[in-house]
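Student: Data: protein_4.txt, compact mmCIF, C-alpha atoms.
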```
# COMPACT_ATOMS: atom_id res chain seq x y z
CA MET H 295 34.46 5.07 -22.60
CA SER H 296 34.07 1.47 -23.82
CA SER H 297 30.67 -0.22 -23.92
CA ALA H 298 31.80 -2.62 -21.18
CA SER H 299 32.79 0.27 -18.92
CA LYS H 300 29.48 2.01 -19.61
CA GLY H 301 27.62 -1.17 -18.79
CA ASP H 302 29.52 -1.62 -15.55
CA ARG H 303 28.90 2.01 -14.57
CA LYS H 304 25.18 1.66 -15.31
CA ALA H 305 24.98 -1.57 -13.32
CA SER H 306 26.74 0.11 -10.38
CA LEU H 307 24.39 3.10 -10.48
CA ASP H 308 21.34 0.84 -10.76
CA ALA H 309 22.45 -1.16 -7.73
CA ALA H 310 23.21 2.02 -5.77
CA SER H 311 19.77 3.42 -6.64
CA TRP H 312 17.99 0.29 -5.43
CA LEU H 313 20.10 0.15 -2.26
CA PHE H 314 19.35 3.83 -1.56
CA ASN H 315 15.62 3.21 -1.95
CA VAL H 316 15.55 0.00 0.09
CA VAL H 317 17.54 1.46 2.99
CA THR H 318 15.52 4.70 3.22
CA SER H 319 12.16 2.95 2.73
CA VAL H 320 12.79 0.32 5.40
CA ALA H 321 14.19 2.95 7.76
CA ILE H 322 11.20 5.28 7.43
CA ILE H 323 8.69 2.46 7.92
CA LEU H 324 10.44 1.35 11.10
CA VAL H 325 10.67 4.94 12.38
CA ASN H 326 7.01 5.62 11.58
CA LYS H 327 5.98 2.36 13.21
CA ALA H 328 7.75 3.40 16.40
CA LEU H 329 6.32 6.93 16.15
CA MET H 330 2.74 5.74 15.66
CA ALA H 331 2.67 2.56 17.76
CA THR H 332 4.87 3.69 20.65
CA TYR H 333 4.22 7.43 20.81
CA GLY H 334 0.67 7.48 19.45
CA PHE H 335 1.28 9.93 16.58
CA SER H 336 -1.37 8.47 14.28
CA PHE H 337 -1.68 11.44 11.89
CA ALA H 338 -0.36 9.74 8.74
CA THR H 339 -1.62 12.24 6.16
CA THR H 340 -0.30 15.26 8.06
CA LEU H 341 3.03 13.49 8.57
CA THR H 342 3.29 12.91 4.83
CA GLY H 343 2.65 16.63 4.29
CA LEU H 344 5.54 17.39 6.66
CA HIS H 345 7.70 14.97 4.64
CA PHE H 346 7.06 16.89 1.44
CA ALA H 347 7.51 20.24 3.20
CA THR H 348 10.98 19.09 4.30
CA THR H 349 11.72 17.86 0.77
CA THR H 350 10.59 21.23 -0.63
CA LEU H 351 12.90 23.08 1.76
CA LEU H 352 15.87 20.97 0.66
CA THR H 353 15.17 21.48 -3.07
CA ILE H 354 14.91 25.26 -2.53
CA ILE H 355 18.27 25.30 -0.71
CA LEU H 356 19.97 23.18 -3.38
CA LYS H 357 18.50 25.31 -6.17
CA SER H 358 19.76 28.51 -4.50
CA LEU H 359 23.23 26.92 -4.25
CA GLY H 360 23.16 26.01 -7.94
CA TYR H 361 23.04 22.23 -7.52
CA ILE H 362 19.63 22.02 -9.24
CA GLN H 363 19.28 23.71 -12.61
CA THR H 364 16.14 25.56 -13.65
CA SER H 365 13.73 23.39 -15.65
CA HIS H 366 10.21 23.68 -16.99
CA LEU H 367 7.20 21.54 -16.19
CA PRO H 368 3.70 22.63 -17.31
CA LYS H 369 1.29 23.40 -14.48
CA SER H 370 -1.27 21.02 -15.97
CA ASP H 371 1.16 18.12 -15.57
CA ILE H 372 1.99 19.18 -12.01
CA ILE H 373 -1.70 19.33 -11.10
CA LYS H 374 -2.37 15.88 -12.56
CA PHE H 375 0.64 14.39 -10.79
CA VAL H 376 -0.29 15.91 -7.41
CA LEU H 377 -3.89 14.74 -7.84
CA PHE H 378 -2.75 11.14 -8.48
CA ALA H 379 -0.19 11.24 -5.63
CA ASN H 380 -2.57 12.69 -3.04
CA CYS H 381 -5.38 10.31 -3.99
CA SER H 382 -2.87 7.49 -3.54
CA ILE H 383 -1.89 8.63 -0.03
CA VAL H 384 -5.43 9.34 1.16
CA GLY H 385 -6.84 6.28 -0.60
CA MET H 386 -4.33 3.95 1.05
CA ASN H 387 -5.08 5.30 4.51
CA VAL H 388 -8.86 5.10 3.99
CA SER H 389 -8.54 1.60 2.50
CA LEU H 390 -6.62 0.44 5.57
CA MET H 391 -9.30 1.92 7.85
CA TRP H 392 -12.28 0.41 6.03
CA ASN H 393 -10.83 -2.98 5.03
CA SER H 394 -9.20 -5.85 6.85
CA VAL H 395 -5.40 -5.95 6.80
CA GLY H 396 -5.57 -9.01 4.54
CA PHE H 397 -7.63 -7.28 1.86
CA TYR H 398 -5.45 -4.16 2.19
CA GLN H 399 -2.38 -6.29 1.38
CA ILE H 400 -4.16 -7.94 -1.57
CA ALA H 401 -5.06 -4.49 -2.90
CA LYS H 402 -1.40 -3.45 -2.70
CA LEU H 403 -0.40 -6.56 -4.65
CA THR H 404 -2.77 -5.64 -7.50
CA MET H 405 -0.68 -2.51 -8.18
CA ILE H 406 1.73 -4.64 -10.22
CA PRO H 407 -0.91 -5.97 -12.69
CA VAL H 408 -2.39 -2.45 -12.96
CA SER H 409 1.06 -0.96 -13.62
CA CYS H 410 1.68 -3.66 -16.25
CA LEU H 411 -1.62 -2.78 -17.91
CA LEU H 412 -0.68 0.91 -18.03
CA GLU H 413 2.65 0.11 -19.67
CA VAL H 414 1.03 -2.23 -22.19
CA VAL H 415 -1.73 0.25 -23.13
CA LEU H 416 0.14 3.57 -22.92
CA ASP H 417 3.73 2.58 -23.77
CA ASN H 418 3.10 -0.47 -25.95
CA VAL H 419 5.35 -2.60 -23.72
CA ARG H 420 5.37 -6.37 -24.18
CA TYR H 421 6.45 -8.94 -21.59
CA SER H 422 7.92 -12.39 -22.21
CA ARG H 423 6.39 -15.51 -20.69
CA ASP H 424 9.19 -15.82 -18.11
CA THR H 425 8.78 -12.19 -17.05
CA LYS H 426 5.04 -12.68 -16.51
CA LEU H 427 5.57 -15.91 -14.55
CA SER H 428 8.24 -14.30 -12.36
CA ILE H 429 5.79 -11.50 -11.48
CA VAL H 430 3.18 -14.10 -10.54
CA LEU H 431 5.75 -15.87 -8.32
CA VAL H 432 6.60 -12.61 -6.52
CA LEU H 433 2.92 -11.87 -5.92
CA ALA H 434 2.33 -15.40 -4.62
CA GLY H 435 5.28 -15.20 -2.23
CA VAL H 436 4.34 -11.82 -0.81
CA ALA H 437 0.71 -12.94 -0.47
CA VAL H 438 1.74 -16.04 1.50
CA CYS H 439 3.71 -14.05 4.08
CA THR H 440 1.48 -10.96 4.40
CA VAL H 441 -2.16 -11.86 3.70
CA THR H 442 -4.08 -13.23 6.68
CA ASP H 443 -7.75 -12.49 7.34
CA VAL H 444 -9.64 -11.18 4.32
CA SER H 445 -12.93 -9.32 4.57
CA VAL H 446 -14.26 -6.58 2.32
CA ASN H 447 -17.21 -4.21 2.09
CA THR H 448 -18.48 -1.93 -0.66
CA LYS H 449 -17.00 1.36 0.53
CA GLY H 450 -13.71 -0.37 1.42
CA PHE H 451 -13.53 -1.92 -2.04
CA ILE H 452 -14.13 1.48 -3.70
CA ALA H 453 -11.40 3.07 -1.56
CA ALA H 454 -8.99 0.26 -2.50
CA VAL H 455 -9.72 0.67 -6.22
CA ILE H 456 -9.08 4.43 -6.02
CA ALA H 457 -5.88 3.85 -4.04
CA VAL H 458 -4.49 1.22 -6.41
CA CYS H 459 -5.32 3.10 -9.62
CA SER H 460 -4.02 6.45 -8.35
CA THR H 461 -0.79 4.86 -7.05
CA ALA H 462 -0.16 3.10 -10.36
CA LEU H 463 -0.85 6.32 -12.29
CA GLN H 464 1.41 8.38 -9.99
CA GLN H 465 4.32 5.97 -10.41
CA TYR H 466 3.78 5.73 -14.17
CA TYR H 467 3.71 9.52 -14.35
CA VAL H 468 7.08 9.79 -12.55
CA HIS H 469 8.72 7.82 -15.36
CA PHE H 470 6.65 9.49 -18.07
CA LEU H 471 7.47 13.08 -17.02
CA GLN H 472 11.19 12.40 -16.64
CA ARG H 473 11.33 10.92 -20.15
CA LYS H 474 9.08 13.49 -21.78
CA TYR H 475 10.78 16.61 -20.40
CA SER H 476 14.28 15.12 -19.90
CA ILE H 477 14.43 16.28 -16.31
CA GLY H 478 16.18 14.60 -13.40
CA SER H 479 14.70 13.24 -10.22
CA PHE H 480 15.57 16.28 -8.10
CA ASN H 481 14.09 18.63 -10.70
CA LEU H 482 10.82 16.70 -10.81
CA LEU H 483 10.72 16.58 -7.03
CA GLY H 484 11.33 20.33 -6.91
CA HIS H 485 8.31 20.92 -9.15
CA THR H 486 5.88 18.56 -7.40
CA ALA H 487 6.87 18.57 -3.70
CA PRO H 488 5.70 22.15 -2.91
CA ALA H 489 2.20 21.50 -4.27
CA GLN H 490 1.99 18.17 -2.45
CA ALA H 491 3.20 19.71 0.81
CA ALA H 492 0.71 22.59 0.64
CA SER H 493 -2.27 20.41 -0.27
CA LEU H 494 -1.52 17.66 2.28
CA LEU H 495 -0.85 20.09 5.13
CA LEU H 496 -4.14 21.81 4.30
CA VAL H 497 -6.24 18.65 4.02
CA GLY H 498 -4.20 16.36 6.28
CA PRO H 499 -5.40 17.52 9.73
CA PHE H 500 -9.06 17.17 8.67
CA MET H 501 -8.45 13.79 7.04
CA ASP H 502 -6.58 12.51 10.09
CA TYR H 503 -9.34 13.72 12.41
CA TRP H 504 -11.88 11.85 10.29
CA LEU H 505 -9.74 8.67 10.33
CA THR H 506 -8.64 8.72 13.98
CA ASN H 507 -11.08 11.06 15.74
CA LYS H 508 -8.01 12.87 17.12
CA ARG H 509 -6.73 16.38 16.46
CA VAL H 510 -3.12 16.84 15.43
CA ASP H 511 -2.89 20.16 17.28
CA ALA H 512 -4.01 18.47 20.52
CA TYR H 513 -1.22 15.88 20.40
CA ASP H 514 1.23 15.94 23.31
CA TYR H 515 4.47 16.82 21.54
CA GLY H 516 7.21 15.54 23.85
CA LEU H 517 10.93 15.76 23.15
CA THR H 518 11.30 12.15 22.01
CA SER H 519 8.22 12.13 19.78
CA THR H 520 9.29 15.44 18.20
CA LEU H 521 12.75 14.02 17.49
CA PHE H 522 11.11 10.99 15.86
CA ILE H 523 9.00 13.31 13.68
CA ILE H 524 12.14 15.23 12.62
CA LEU H 525 13.94 11.94 11.92
CA SER H 526 10.98 10.70 9.87
CA CYS H 527 10.95 13.91 7.81
CA THR H 528 14.71 13.70 7.24
CA ILE H 529 14.60 10.10 6.04
CA ALA H 530 11.54 10.91 3.88
CA VAL H 531 13.66 13.24 1.73
CA GLY H 532 15.80 10.25 0.76
CA THR H 533 12.75 8.03 0.32
CA ASN H 534 11.01 10.48 -2.02
CA LEU H 535 14.19 11.13 -4.01
CA SER H 536 15.14 7.45 -4.28
CA GLN H 537 11.64 6.57 -5.51
CA PHE H 538 11.92 9.14 -8.31
CA ILE H 539 15.45 7.96 -9.17
CA CYS H 540 14.45 4.29 -9.35
CA ILE H 541 11.28 4.80 -11.38
CA GLY H 542 13.16 7.22 -13.67
CA ARG H 543 15.98 4.73 -14.26
CA PHE H 544 13.69 1.72 -14.58
CA THR H 545 9.87 1.60 -14.78
CA ALA H 546 6.95 1.60 -12.37
CA VAL H 547 6.52 -2.18 -12.80
CA SER H 548 10.16 -2.96 -11.99
CA PHE H 549 9.93 -0.58 -9.02
CA GLN H 550 6.86 -2.44 -7.74
CA VAL H 551 8.25 -5.95 -8.30
CA LEU H 552 11.71 -5.42 -6.84
CA GLY H 553 10.19 -3.05 -4.29
CA HIS H 554 8.57 -6.02 -2.58
CA MET H 555 12.04 -6.79 -1.26
CA LYS H 556 11.29 -3.91 1.13
CA THR H 557 8.18 -5.74 2.30
CA ILE H 558 10.29 -8.80 3.09
CA LEU H 559 12.93 -6.71 4.86
CA VAL H 560 10.30 -4.82 6.87
CA LEU H 561 8.82 -8.14 8.03
CA PHE H 562 12.27 -9.44 8.91
CA MET H 563 13.34 -6.27 10.73
CA GLY H 564 9.98 -6.16 12.51
CA PHE H 565 10.57 -9.65 13.87
CA ILE H 566 14.02 -8.55 15.10
CA PHE H 567 13.06 -5.23 16.71
CA PHE H 568 9.42 -5.76 17.68
CA GLY H 569 9.33 -9.45 18.64
CA LYS H 570 9.04 -12.77 16.81
CA GLU H 571 5.26 -13.07 17.14
CA GLY H 572 3.83 -14.13 13.78
CA LEU H 573 7.08 -15.64 12.52
CA ASN H 574 6.29 -19.17 11.35
CA LEU H 575 7.03 -21.63 8.58
CA HIS H 576 4.56 -20.27 6.03
CA VAL H 577 5.91 -16.71 6.49
CA VAL H 578 9.47 -17.91 5.92
CA LEU H 579 8.29 -19.95 2.90
CA GLY H 580 6.52 -16.89 1.48
CA MET H 581 9.67 -14.80 1.87
CA ALA H 582 11.72 -17.43 0.06
CA ILE H 583 9.21 -17.67 -2.81
CA ALA H 584 9.06 -13.87 -3.19
CA ILE H 585 12.86 -13.52 -3.24
CA ALA H 586 13.15 -16.31 -5.82
CA GLY H 587 10.56 -14.52 -7.96
CA MET H 588 12.48 -11.22 -7.73
CA VAL H 589 15.72 -12.90 -8.83
CA TRP H 590 13.85 -14.57 -11.71
CA TYR H 591 12.22 -11.26 -12.71
CA GLY H 592 15.58 -9.45 -12.74
CA ASN H 593 17.05 -12.15 -14.98
CA ALA H 594 14.01 -12.57 -17.26
CA SER H 595 13.30 -8.87 -17.80
CA SER H 596 16.95 -8.12 -18.66
CA LYS H 597 17.05 -10.69 -21.47
CA PRO H 598 16.29 -9.64 -25.08
CA GLY H 599 12.51 -9.66 -25.48
CA GLY H 600 11.97 -10.02 -21.74
CA LYS H 601 10.42 -6.59 -21.56
CA GLU H 602 10.50 -4.25 -24.51
CA ARG H 603 8.71 -1.22 -25.89
CA ARG H 604 7.57 -1.71 -29.48
CA SER H 605 7.34 1.07 -32.06
CA PHE H 606 6.80 3.79 -29.51
CA SER H 607 8.52 7.16 -29.41
CA LEU H 608 7.85 9.81 -26.82
CA PRO H 609 8.16 13.50 -27.74
CA THR H 610 10.66 15.26 -25.49
CA THR H 611 11.26 18.84 -24.49
CA LYS H 612 14.84 19.94 -25.09
CA THR H 613 16.27 20.45 -21.66
CA GLN H 614 19.40 19.07 -20.05
CA ASP H 615 19.13 15.41 -19.05
CA TYR H 616 19.96 15.25 -15.37
CA ALA H 617 18.54 11.74 -15.02
CA ALA H 618 21.90 10.39 -16.16
CA LEU H 619 23.70 11.92 -13.17
CA PRO H 620 24.65 9.57 -10.32
CA VAL H 621 22.57 11.54 -7.82
CA SER H 622 19.49 13.12 -9.12
CA SER H 623 7.44 8.50 -2.74
CA GLU H 624 6.06 6.41 -1.08
CA SER H 625 3.10 6.95 1.18
CA VAL H 626 3.22 6.59 4.95
CA GLU H 627 1.56 3.34 6.02
CA LYS H 628 -0.33 3.28 9.28
CA ALA H 629 1.36 1.07 11.85
```
As structure tokens, what does this structure read like?

Tutor:
Amino acid sequence: MSSASKGDRKASLDAASWLFNVVTSVAIILVNKALMATYGFSFATTLTGLHFATTTLLTIILKSLGYIQTSHLPKSDIIKFVLFANCSIVGMNVSLMWNSVGFYQIAKLTMIPVSCLLEVVLDNVRYSRDTKLSIVLVLAGVAVCTVTDVSVNTKGFIAAVIAVCSTALQQYYVHFLQRKYSIGSFNLLGHTAPAQAASLLLVGPFMDYWLTNKRVDAYDYGLTSTLFIILSCTIAVGTNLSQFICIGRFTAVSFQVLGHMKTILVLFMGFIFFGKEGLNLHVVLGMAIAIAGMVWYGNASSKPGGKERRSFSLPTTKTQDYAALPVSSESVEKA
């Protein structure tokens, strides 16, 4: 296969990966918003546990059918990953409860600088001036259209710091583990999803009761709300898988930067399906600035020297590389 054909195939797979992630992420946020706002199912942590339980079930079925090959991942790495991931989920929910929506959005925006810092320190990555400026432009655009009132308190600030750091570490670890052990997205998901499902379903009901003062077992499970829960769990499988695929193919920073396109789409779809309240000139301007920054980032980071790892080699375990196959998470946000 010629280098041009390989480049075209890679570009096609990259675009398909991003499209897969954007579609599933926007879909699950809209479904969860309807589930929580319309049907009052406000148990975000428990719902995330159900998402990973569904993902676990699918990986077990695919492994039994031979579509996922056996791979090895040390238990110590699984424990660290699950710790980061669960702290991210719980931290985000607690941060939203204790902080204003404005500060919550600012905290989410700081994930990009933190992810950049991790790549610079741990992977010796260097960014060009244009790449850095494009990231700043994306952050400015998203801030303009999402940040409103900003108030913070000590415990809310601590929760936000834990949430941001654990999320950045979890996303860095997705890329790190796939490179180190040469395992594909589905394999990594098969190793981590069972532990996440078990821990979140164990802790989730207590955490949700603390956050909402409501018991998940006392919820009135009607036919429509149950169908929405099943739909949410089904879409979550694609969301979890697409997150692992994208971070594995790219990096946590690229996933965060280009991932803000989902924020823009969620705002836009929200205005369409849930009313145009809040849609004004500065929101539209913020969307335009953020999209311009994303286009600039994609162009700047793909140029020689735009983003490169210097004199760094990662030891790998000799297993089959499934990350190259065409088909190999993000936390539930409270509506």

Student: Please list as a list in words every residue within 8 Å of H:Gly484, counting only C-alpha atoms and excluding residues in the same chain fewer than 4 positions away.

Tutor: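 Contacts, in chain order: Thr350, Thr353, Ile354, Phe480 and Pro488 of chain H.
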
Student: Let me make sure I understand: among H:Thr339, H:Thr425, H:Ser536, H:Ser394, which one has the smallest atom-to-atom distance to H:Trp504 if we use only C-alpha atoms?

Tutor: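 Distance minimum relative to H:Trp504 lands on H:Thr339.
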
Student: Just checking: using only C-alpha atoms, which residue out of H:Leu521, H:Val316, H:Leu377, H:Ile456 ends up closest to H:Cys540?

Tutor: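 Comparing H:Leu521, H:Val316, H:Leu377, H:Ile456 against H:Cys540, the winner is H:Val316.
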
Student: Can you tell me how far atom CA of H:Thr528 sits from atom CA of H:Gln465, in Å to one decimal?

Tutor: 21.9 Å

Student: Could you tell me how far atom CA of H:Leu559 sits from atom CA of H:Val320, in Å to one decimal place?

Tutor: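 Computing it gives 7.1 Å between the two atoms.
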
Student: Rounded to one decimal in Å, what is the spacing between atom CA of H:Leu427 and atom CA of H:Ile583?

Tutor: 12.4 Å

Student: Nearest to H:Tyr475 among H:Cys381, H:Met555, H:Val455, H:Leu367, with distances taken over all atoms listed in the file: which residue is it?

Tutor: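 Of the candidates, the smallest distance to H:Tyr475 is held by H:Leu367.
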
Student: Which one is closest to H:Gly343: H:Ile400, H:Val446, H:Val384, H:Ala594? Count all atoms listed in the file.

Tutor: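 Residue with the minimum atom-to-atom distance to H:Gly343: H:Val384.
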
Student: Under the rule that only C-alpha atoms are counted, which of H:His469, H:Tyr361, H:Gln537, H:Leu431 is the nearest residue to H:Phe375?

Tutor: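 Of the candidates, the smallest distance to H:Phe375 is held by H:His469.
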
Student: Measuring between only C-alpha atoms, which one of H:Ile383, H:Val441, H:Met563, H:Leu505 shows the shortest distance to H:Phe397?

Tutor: H:Val441

Student: Would you mind listing what lies within 10 Å of H:Val577 as a list of chain:residue names, with only C-alpha atoms counted and same-chain residues fewer than 4 positions away left out?

Tutor: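 Listed by chain and then number, they are H:Gly435, H:Val436, H:Ala437, H:Val438, H:Cys439, H:Thr440, H:Val441, H:Ile558, H:Leu561, H:Phe562, H:Gly572, H:Leu573, H:Met581, H:Ala582, H:Ile583.
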
Student: Place a sphere of radius 7 Å on (10.8, 9.6, -17.0) in the file coordinates and name every protein, DNA or RNA residue with an atom inside or on its surface, counting only C-alpha atoms; give the answer as a count of residues only.

Tutor: 8

Student: For the point (-6.4, 3.2, -4.9) in file coordinates, what residues are within 12 Å, counting all atoms listed in the file? Give the answer as a ChimeraX atom specification?

Tutor: /H:378-390,398,400-405,408,450-464,625
